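Next comes upload12.txt, a file with compact mmCIF, C-alpha atoms.
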# COMPACT_ATOMS: atom_id res chain seq x y z
CA MET A 442 -103.08 93.07 24.99
CA GLY A 443 -99.58 93.28 26.47
CA ASN A 444 -96.84 95.79 25.87
CA PRO A 445 -97.15 97.08 22.27
CA ALA A 446 -93.43 97.74 22.12
CA TYR A 447 -92.75 93.99 22.22
CA SER A 448 -94.32 93.55 18.77
CA THR A 449 -92.33 94.95 15.87
CA ASP A 450 -93.94 93.28 12.84
CA TYR A 451 -95.76 95.63 10.53
CA THR A 452 -97.49 95.96 7.18
CA ALA A 453 -95.20 96.78 4.25
CA ARG A 454 -95.16 100.35 2.87
CA GLU A 455 -96.18 99.07 -0.57
CA VAL A 456 -99.61 98.16 0.80
CA TYR A 457 -100.39 101.78 1.69
CA GLN A 458 -99.04 103.02 -1.64
CA LYS A 459 -101.34 100.53 -3.38
CA HIS A 460 -104.30 101.84 -1.33
CA LEU A 461 -103.58 105.41 -2.45
CA LYS A 462 -103.37 104.39 -6.11
CA GLU A 463 -106.65 102.50 -5.84
CA ALA A 464 -108.31 105.48 -4.14
CA ALA A 465 -107.14 107.74 -6.99
CA ARG A 466 -108.50 105.30 -9.55
CA ARG A 467 -111.89 105.23 -7.78
CA HIS A 468 -111.84 109.04 -7.40
CA ASP A 469 -112.32 108.65 -3.65
CA THR A 470 -112.77 111.78 -1.56
CA LEU A 471 -110.00 111.96 1.05
CA ARG A 472 -110.39 113.58 4.45
CA TYR A 473 -107.57 115.24 6.38
CA GLN A 474 -107.48 115.48 10.15
CA TRP A 475 -104.95 117.10 12.48
CA ILE A 476 -104.34 115.49 15.86
CA ARG A 477 -102.03 115.92 18.83
CA ILE A 478 -100.33 112.82 20.23
CA ASN A 479 -99.27 113.47 23.80
CA ASP A 480 -96.97 111.54 26.13
CA VAL A 481 -95.56 108.98 23.68
CA PRO A 482 -92.70 107.09 25.41
CA PHE A 483 -89.42 107.71 23.59
CA ASP A 484 -87.13 104.75 22.95
CA SER A 485 -83.67 104.59 21.40
CA ASN A 486 -84.83 101.55 19.42
CA PHE A 487 -86.89 102.88 16.50
CA ASP A 488 -89.04 99.75 16.20
CA THR A 489 -89.98 100.03 19.85
CA PHE A 490 -90.68 103.76 19.50
CA ALA A 491 -92.83 103.18 16.40
CA GLY A 492 -94.74 100.54 18.34
CA TRP A 493 -95.58 103.06 21.05
CA VAL A 494 -96.72 105.64 18.48
CA ALA A 495 -98.95 103.08 16.76
CA TYR A 496 -100.44 102.18 20.13
CA ALA A 497 -101.13 105.87 20.84
CA ILE A 498 -103.38 106.15 17.75
CA ARG A 499 -105.14 102.82 18.31
CA GLY A 500 -108.52 104.56 18.65
CA LEU A 501 -108.23 106.02 15.15
CA VAL A 502 -107.01 103.07 13.10
CA ILE A 503 -107.34 99.26 12.88
CA TYR A 504 -105.43 97.89 15.83
CA ARG A 505 -106.90 95.21 18.03
CA SER A 506 -108.22 93.01 15.22
CA ASP A 507 -104.71 92.44 13.81
CA GLY A 508 -102.61 93.09 16.89
CA GLY A 509 -101.37 96.48 15.66
CA HIS A 510 -99.78 95.10 12.47
CA TYR A 511 -101.46 97.68 10.18
CA ALA A 512 -100.94 100.62 12.56
CA ARG A 513 -97.21 99.92 13.03
CA GLY A 514 -96.77 99.97 9.26
CA LEU A 515 -98.89 103.09 8.89
CA VAL A 516 -96.75 105.23 11.20
CA ARG A 517 -93.71 104.36 9.07
CA THR A 518 -95.20 105.17 5.64
CA SER A 519 -94.11 108.80 5.20
CA GLY A 520 -90.67 108.40 6.75
CA ASP A 521 -91.32 111.40 9.02
CA LEU A 522 -91.38 109.37 12.22
CA GLN A 523 -87.97 107.84 11.51
CA ALA A 524 -86.53 111.29 10.70
CA ILE A 525 -87.90 112.62 14.00
CA HIS A 526 -86.40 109.64 15.85
CA GLN A 527 -83.01 110.21 14.19
CA ALA A 528 -83.15 113.88 15.15
CA TYR A 529 -83.74 113.05 18.80
CA MET A 530 -81.00 110.43 18.72
CA ALA A 531 -78.56 113.03 17.35
CA LEU A 532 -78.98 115.20 20.44
CA GLN A 533 -76.15 115.15 22.97
CA SER A 534 -78.76 115.05 25.72
CA ARG A 535 -81.32 112.84 24.03
CA PRO A 536 -84.35 111.72 26.04
CA ARG A 537 -83.99 108.63 28.19
CA ASN A 538 -86.03 105.61 27.22
CA GLY A 539 -89.56 106.03 28.48
CA THR A 540 -89.42 109.85 28.50
CA PRO A 541 -92.77 111.16 27.17
CA ILE A 542 -92.59 113.37 24.07
CA ARG A 543 -95.25 115.09 21.96
CA LEU A 544 -96.05 114.62 18.29
CA GLY A 545 -98.44 116.22 15.85
CA ALA A 546 -99.91 114.26 12.98
CA ALA A 547 -101.88 114.85 9.78
CA LEU A 548 -104.10 111.84 9.11
CA LEU A 549 -105.35 111.01 5.62
CA ARG A 550 -108.35 108.73 5.44
CA ARG A 551 -110.95 107.72 2.88
CA LYS A 552 -114.26 109.56 3.20
CA ASP A 553 -117.26 107.22 3.15
CA PRO A 554 -120.76 107.23 4.73
CA ASN A 555 -119.99 103.75 6.07
CA PRO A 556 -117.63 104.12 9.07
CA THR A 557 -116.08 100.70 8.38
CA GLN A 558 -114.93 101.95 4.96
CA ARG A 559 -113.15 105.08 6.23
CA TRP A 560 -109.72 103.51 6.00
CA MET A 561 -106.69 105.37 7.29
CA MET A 562 -104.34 105.57 4.32
CA TRP A 563 -101.38 107.79 5.21
CA ILE A 564 -99.99 109.72 8.15
CA LYS A 565 -97.48 112.59 8.39
CA PHE A 566 -95.72 113.61 11.61
CA ILE A 567 -94.22 116.73 13.14
CA ALA A 568 -92.43 117.17 16.48
CA PRO A 569 -93.70 120.45 18.00
CA ASP A 570 -91.15 120.48 20.82
CA PHE A 571 -88.11 119.89 18.63
CA GLU A 572 -86.02 122.38 16.67
CA PHE A 573 -84.62 120.59 13.62
CA GLY A 574 -81.20 121.57 12.34
CA ASP A 575 -79.94 121.68 8.77
CA GLU A 576 -78.89 118.05 8.52
CA ILE A 577 -82.04 116.33 9.79
CA VAL A 578 -85.33 117.73 8.68
CA ALA A 579 -88.83 116.41 9.29
CA THR A 580 -91.62 118.52 7.85
CA VAL A 581 -95.22 118.08 6.77
CA ASP A 582 -95.88 118.80 3.10
CA SER A 583 -97.46 122.27 2.81
CA SER A 584 -100.41 120.95 0.82
CA VAL A 585 -101.22 118.46 3.57
CA VAL A 586 -101.00 121.22 6.20
CA GLU A 587 -103.29 123.50 4.18
CA GLN A 588 -105.81 120.75 3.59
CA GLY A 589 -105.70 119.86 7.26
CA TRP A 590 -106.45 123.42 8.37
CA LYS A 591 -109.21 123.67 5.76
CA ASN A 592 -110.78 120.53 7.19
CA VAL A 593 -110.51 121.78 10.78
CA THR A 594 -112.04 125.14 9.84
CA GLU A 595 -114.95 123.61 7.94
CA HIS A 596 -115.78 121.22 10.78
CA MET A 597 -115.54 124.08 13.25
CA LEU A 598 -118.04 126.12 11.22
CA ASP A 599 -120.39 123.12 11.10
CA HIS A 600 -120.30 122.95 14.90
CA ALA A 601 -120.91 126.69 15.12
CA HIS A 602 -123.97 126.50 12.86
CA SER A 603 -125.43 123.72 15.01
CA TRP A 604 -124.86 125.71 18.19
CA ILE A 605 -126.24 129.03 16.94
CA GLN A 606 -129.58 127.41 16.08
CA THR A 607 -130.19 127.16 19.84
CA GLN A 608 -129.63 130.91 20.36
CA HIS A 609 -132.06 133.81 19.91
CA GLY A 610 -132.09 137.61 19.71
CA ASP A 611 -130.07 140.33 17.98
CA ARG A 612 -126.74 138.96 19.16
CA ALA A 613 -127.49 135.55 17.69
CA GLN A 614 -128.46 137.16 14.39
CA ARG A 615 -125.13 138.96 14.26
CA VAL A 616 -123.24 135.72 14.92
CA ILE A 617 -125.26 134.03 12.18
CA GLY A 618 -124.21 136.88 9.89
CA MET A 619 -120.54 136.32 10.80
CA LEU A 620 -120.84 132.61 10.05
CA LYS A 621 -122.45 133.27 6.69
CA ILE A 622 -119.54 135.50 5.70
CA ALA A 623 -117.02 132.88 6.85
CA ASP A 624 -118.85 130.19 4.83
CA ARG A 625 -119.02 132.36 1.73
CA LEU A 626 -115.35 133.36 1.85
CA GLY A 627 -114.14 129.86 2.72
CA TYR A 628 -110.67 128.87 3.89
CA PRO A 629 -108.14 130.52 3.84
CA LYS A 630 -109.91 133.86 3.29
CA ASN A 631 -112.05 133.47 6.42
CA TRP A 632 -108.84 133.23 8.45
CA ASP A 633 -108.15 136.85 7.45
CA MET A 634 -111.45 138.17 8.82
CA PHE A 635 -110.50 140.56 11.61
CA TYR A 636 -111.76 143.25 13.91
CA TYR A 637 -109.92 145.85 15.93
CA ALA A 638 -109.22 145.09 19.58
CA ARG A 639 -111.56 147.07 21.81
CA ARG A 640 -108.81 148.39 24.09
CA ALA A 641 -106.69 149.54 21.13
CA VAL A 642 -109.61 151.48 19.66
CA PHE A 643 -110.41 153.08 23.01
CA LEU A 644 -106.84 154.27 23.55
CA TYR A 645 -106.73 155.71 20.03
CA VAL A 646 -110.04 157.59 19.91
CA ARG A 647 -110.18 159.05 23.43
CA TRP A 648 -109.62 162.79 23.37
CA GLU A 649 -106.60 162.60 25.68
CA ALA A 650 -104.70 161.08 22.73
CA ALA A 651 -105.48 164.11 20.51
CA GLN A 652 -102.93 166.81 19.69
CA PRO A 653 -103.09 170.13 17.83
CA ASP A 654 -102.21 169.69 14.14
CA GLU A 655 -101.77 165.96 14.77
CA ASP A 656 -102.56 165.11 11.15
CA SER A 657 -99.36 166.92 10.08
CA LEU A 658 -97.16 165.56 12.88
CA GLY A 659 -97.01 162.05 11.45
CA PRO A 660 -95.23 159.50 13.67
CA LYS A 661 -94.40 162.27 16.16
CA SER A 662 -98.03 162.48 17.22
CA LYS A 663 -99.39 160.20 19.94
CA ARG A 664 -101.75 158.53 17.51
CA GLY A 665 -99.00 158.27 14.91
CA GLN A 666 -96.88 156.33 17.40
CA MET A 667 -99.79 153.95 18.03
CA THR A 668 -100.03 153.11 14.32
CA ALA A 669 -96.34 153.07 13.41
CA LYS A 670 -96.47 149.78 11.48
CA THR A 671 -98.81 151.16 8.83
CA GLY A 672 -97.56 154.74 8.99
CA GLY A 673 -100.92 155.85 10.31
CA LYS A 674 -102.77 154.45 7.30
CA VAL A 675 -105.82 152.24 7.64
CA PRO A 676 -106.35 149.39 8.06
CA PHE A 677 -104.18 149.49 11.17
CA ASP A 678 -101.94 146.55 12.02
CA GLY A 679 -99.15 145.71 14.43
CA ASP A 680 -99.65 146.93 18.01
CA THR A 681 -100.29 150.17 19.84
CA GLY A 682 -96.69 150.55 20.99
CA PHE A 683 -95.51 151.79 24.35
CA SER A 684 -96.74 151.23 26.95
CA GLU A 685 -99.44 148.58 26.50
CA HIS A 686 -98.44 147.05 23.12
CA ILE A 687 -101.96 145.84 22.34
CA PRO A 688 -102.32 144.05 18.98
CA TRP A 689 -104.62 146.03 16.70
CA ARG A 690 -106.19 143.06 14.95
CA LEU A 691 -107.97 139.98 16.26
CA TYR A 692 -108.80 137.03 13.98
CA PRO A 693 -111.76 135.07 15.41
CA PHE A 694 -111.92 132.17 12.95
CA ARG A 695 -108.16 131.69 12.64
CA ASP A 696 -107.68 131.66 16.40
CA ALA A 697 -110.65 129.36 17.05
CA ALA A 698 -109.49 126.87 14.39
CA LYS A 699 -106.06 126.65 16.00
CA GLN A 700 -107.67 125.97 19.37
CA CYS A 701 -109.94 123.33 17.79
CA MET A 702 -107.06 121.36 16.28
CA GLY A 703 -107.00 117.88 17.77
CA ARG A 704 -110.14 118.44 19.86
CA ASP A 705 -113.19 116.19 19.79
CA PRO A 706 -116.44 117.61 18.33
CA ASP A 707 -117.84 118.63 21.73
CA GLY A 708 -114.62 120.38 22.67
CA CYS A 709 -114.49 122.25 19.37
CA ALA A 710 -118.17 123.26 19.65
CA ALA A 711 -117.49 124.70 23.11
CA ILE A 712 -114.51 126.69 21.79
CA ILE A 713 -116.22 128.23 18.78
CA SER A 714 -119.42 129.08 20.66
CA GLN A 715 -117.51 130.80 23.46
CA GLN A 716 -115.27 132.63 20.99
CA LEU A 717 -118.11 133.94 18.81
CA ARG A 718 -120.08 135.17 21.83
CA HIS A 719 -116.99 137.00 23.08
CA HIS A 720 -116.03 138.59 19.75
CA GLU A 721 -119.57 139.71 18.97
CA GLN A 722 -119.79 141.41 22.36
CA GLU A 723 -116.38 143.05 22.00
CA ILE A 724 -117.26 144.67 18.68
CA LEU A 725 -120.58 145.89 20.07
CA ALA A 726 -118.83 147.27 23.15
CA THR A 727 -116.30 149.04 20.90
CA PHE A 728 -119.10 151.00 19.22
CA GLN A 729 -120.51 151.84 22.66
CA ASP A 730 -117.09 153.05 23.83
CA ILE A 731 -116.84 155.34 20.82
CA ASP A 732 -120.32 156.74 21.44
CA ALA A 733 -119.34 157.43 25.03
CA GLN A 734 -116.16 159.26 23.98
CA ILE A 735 -118.03 161.48 21.50
CA ASN A 736 -120.69 162.30 24.09
CA ARG A 737 -118.05 162.92 26.71
CA VAL A 738 -116.17 165.49 24.62
CA PHE A 739 -119.32 167.18 23.40
CA SER A 740 -120.63 167.62 26.93
CA VAL A 741 -117.63 169.50 28.35
CA PRO A 742 -117.06 173.23 27.75
CA THR A 743 -114.24 174.77 25.80
CA SER A 744 -112.23 177.54 27.45
CA THR A 745 -113.97 180.81 28.13
CA THR A 746 -111.49 182.56 25.83
CA GLY A 747 -112.55 180.46 22.89
CA ASP A 748 -108.99 179.18 22.50
CA PRO A 749 -109.05 175.38 22.59
CA PHE A 750 -105.34 175.28 23.48
CA PRO A 751 -104.74 178.03 26.06
CA PHE A 752 -101.42 178.36 27.80
CA ASN A 753 -103.06 177.26 31.04
CA ARG A 754 -104.36 173.78 30.23
CA SER A 755 -106.39 173.72 33.43
CA GLN A 756 -108.74 176.24 31.82
CA VAL A 757 -110.04 173.73 29.28
CA LEU A 758 -111.23 170.14 29.14
CA ASN A 759 -112.16 169.88 25.49
CA PRO A 760 -109.12 169.81 23.17
CA PHE A 761 -111.05 171.04 20.11
CA LYS A 762 -113.52 173.80 19.36
CA MET A 763 -116.98 172.34 19.05
CA THR A 764 -118.54 172.73 15.62
CA GLY A 765 -121.22 170.08 16.07
CA LYS A 766 -122.00 166.81 17.79
CA SER A 767 -119.59 164.62 15.83
CA ALA A 768 -116.41 162.58 15.93
CA ALA A 769 -114.53 165.62 14.62
CA SER A 770 -114.34 166.76 18.23
CA LEU A 771 -111.99 163.85 18.94
CA GLY A 772 -109.40 165.11 16.49
CA PRO A 773 -108.72 164.61 12.77
CA LEU A 774 -106.93 161.28 13.05
CA ALA A 775 -109.67 159.81 15.22
CA LEU A 776 -112.27 161.11 12.80
CA ALA A 777 -110.45 159.46 9.86
CA PHE A 778 -110.31 156.16 11.73
CA LEU A 779 -114.02 156.28 12.59
CA GLU A 780 -114.82 157.00 8.96
CA HIS A 781 -112.82 153.85 8.18
CA LEU A 782 -114.95 151.88 10.66
CA ASP A 783 -118.05 153.29 9.00
CA GLU A 784 -116.79 151.97 5.64
CA LEU A 785 -116.16 148.53 7.18
CA THR A 786 -119.84 148.29 8.16
CA LYS A 787 -120.59 148.58 4.43
CA ASN A 788 -118.02 145.98 3.38
CA GLN A 789 -119.84 142.66 2.98
CA ASP A 790 -116.64 140.70 3.67
CA SER A 791 -116.08 142.41 7.03
CA LEU A 792 -117.23 141.28 10.47
CA TYR A 793 -118.41 144.86 11.03
CA SER A 794 -121.02 144.50 8.29
CA VAL A 795 -123.35 142.56 10.62
CA TYR A 796 -123.73 145.69 12.78
CA PRO A 797 -125.83 148.76 11.90
CA PRO A 798 -123.82 151.72 10.54
CA PRO A 799 -122.64 154.18 13.21
CA LYS A 800 -125.14 156.70 14.48
CA SER A 801 -125.34 159.84 12.39
CA PHE A 802 -124.04 162.04 15.22
CA TRP A 803 -120.59 160.48 14.74
CA PHE A 804 -120.20 162.66 11.69
CA GLY A 805 -122.30 165.65 12.65
CA GLY A 806 -125.51 164.45 11.04
Structure re-expressed in structure tokens:
Amino acid sequence: MGNPAYSTDYTAREVYQKHLKEAARRHDTLRYQWIRINDVPFDSNFDTFAGWVAYAIRGLVIYRSDGGHYARGLVRTSGDLQAIHQAYMALQSRPRNGTPIRLGAALLRRKDPNPTQRWMMWIKFIAPDFEFGDEIVATVDSSVVEQGWKNVTEHMLDHAHSWIQTQHGDRAQRVIGMLKIADRLGYPKNWDMFYYARRAVFLYVRWEAAQPDEDSLGPKSKRGQMTAKTGGKVPFDGDTGFSEHIPWRLYPFRDAAKQCMGRDPDGCAAIISQQLRHHEQEILATFQDIDAQINRVFSVPTSTTGDPFPFNRSQVLNPFKMTGKSAASLGPLALAFLEHLDELTKNQDSLYSVYPPPKSFWFGG
């Protein structure tokens, strides 16, 4: 078709504005889609640069049938692309002509069962590799961003539902339970669904982290230092602090949606299936780690003197007197946290609710 940069004619902006007004009058449903546009050749001539951008999205919009006329107008509609171009041109060390740059775009198209009627109607751009100063600003309207993420999340969940139908067993049932919660909550609430990182929980509940009177030591206790952001109050957030700095919370649906952005359906399906398998296993393994810690402490003897904190620490392995086979033997702060986990298994909006409640021996039952 020749070099797209040699053609600079384009459809007038008024045409796209007219399309939007007509869509509103018909009460059309509009679909948002986020895409990445990689390796677009920069050019100091804006018309040439816009031609390259239009060519880069040729698989998503009318292009060959009119020689790119509609697409070259479309990339100009919001004004974002020109603002991005001006920002690059204002740099003292602006890119040389032909230097590849990256763009992100929110596409707005008409939703219709007939693919030929799914017209692209508007497009907004961002430049992910560029820091805009005060004088030149190019941003995507927040409502467009939100609608775009909502669309990505909903499509991701559709792919996940299709995949999970091919899986069987208890693990699959738990993933199905997670998906049902995410569907019911919807975006953006399902982005806030979290679970605690397995390693963070392990470091917190193991008996080596326990201290005498730790519940009155506050941030001076080992466990208090691990939960400094929330002052030791649940739900924990932030990270575990020195020395590993492990984030307390993981957000499966938020993280998967961000990875799915700009991916084709197969790529997104692979991401969400791998992510859900991993997160389901991590939560299950967390419960198993806790069981192991409780059993470990219960199985070792206290000191022969009956003092759980003798002067000679080599005389004792268990940091607390044993009053029963329960999480109390891990220390009061660990016990309070495990009671919090127990409550999360009863919270129908929590990922933990798809797992059975902790075994009764956690709490001396």
Requested in this report: Compare A:Pro693, A:Gly672, A:Pro660, A:Gly539 by their minimum atom-to-atom distance to Asn486 in chain A, counting all atoms listed in the file, and give me the closest one.
Outcome: A:Gly539
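Residues in contact with Pro629 in chain A at 9 Å, where all atoms listed in the file are counted and same-chain residues fewer than 4 positions away are skipped, are listed as A:Glu587, A:Trp590, A:Lys591, A:Thr594, A:Asp633, A:Arg695.
When only C-alpha atoms are used to compute distances to Arg612 in chain A, the closest of the residues A:Tyr645, A:Phe802, A:Tyr529, A:Tyr796 turns out to be A:Tyr796.
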Query raised in the report: Just how far from CA of Ala528 in chain A is CA of Leu515 in chain A, in Å to one decimal?
Result: 20.1 Å
Report task. For Glu784 in chain A, list every protein, DNA or RNA residue within 10 Å, evaluated using only C-alpha atoms, and leave out those in the same chain fewer than 4 positions away; present the list as a ChimeraX atom specification. Result -> /A:778-780,788,791,793-794,798-799
Query - Nearby residues (only C-alpha atoms) at most 9 Å from Gln716 in chain A, same-chain spacing under 4 positions excluded, as a list in words - result: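 The residues that qualify are Pro693, Phe694, Asp696, Ala697, Ala711, Ile712, His720 and Glu721 of chain A.
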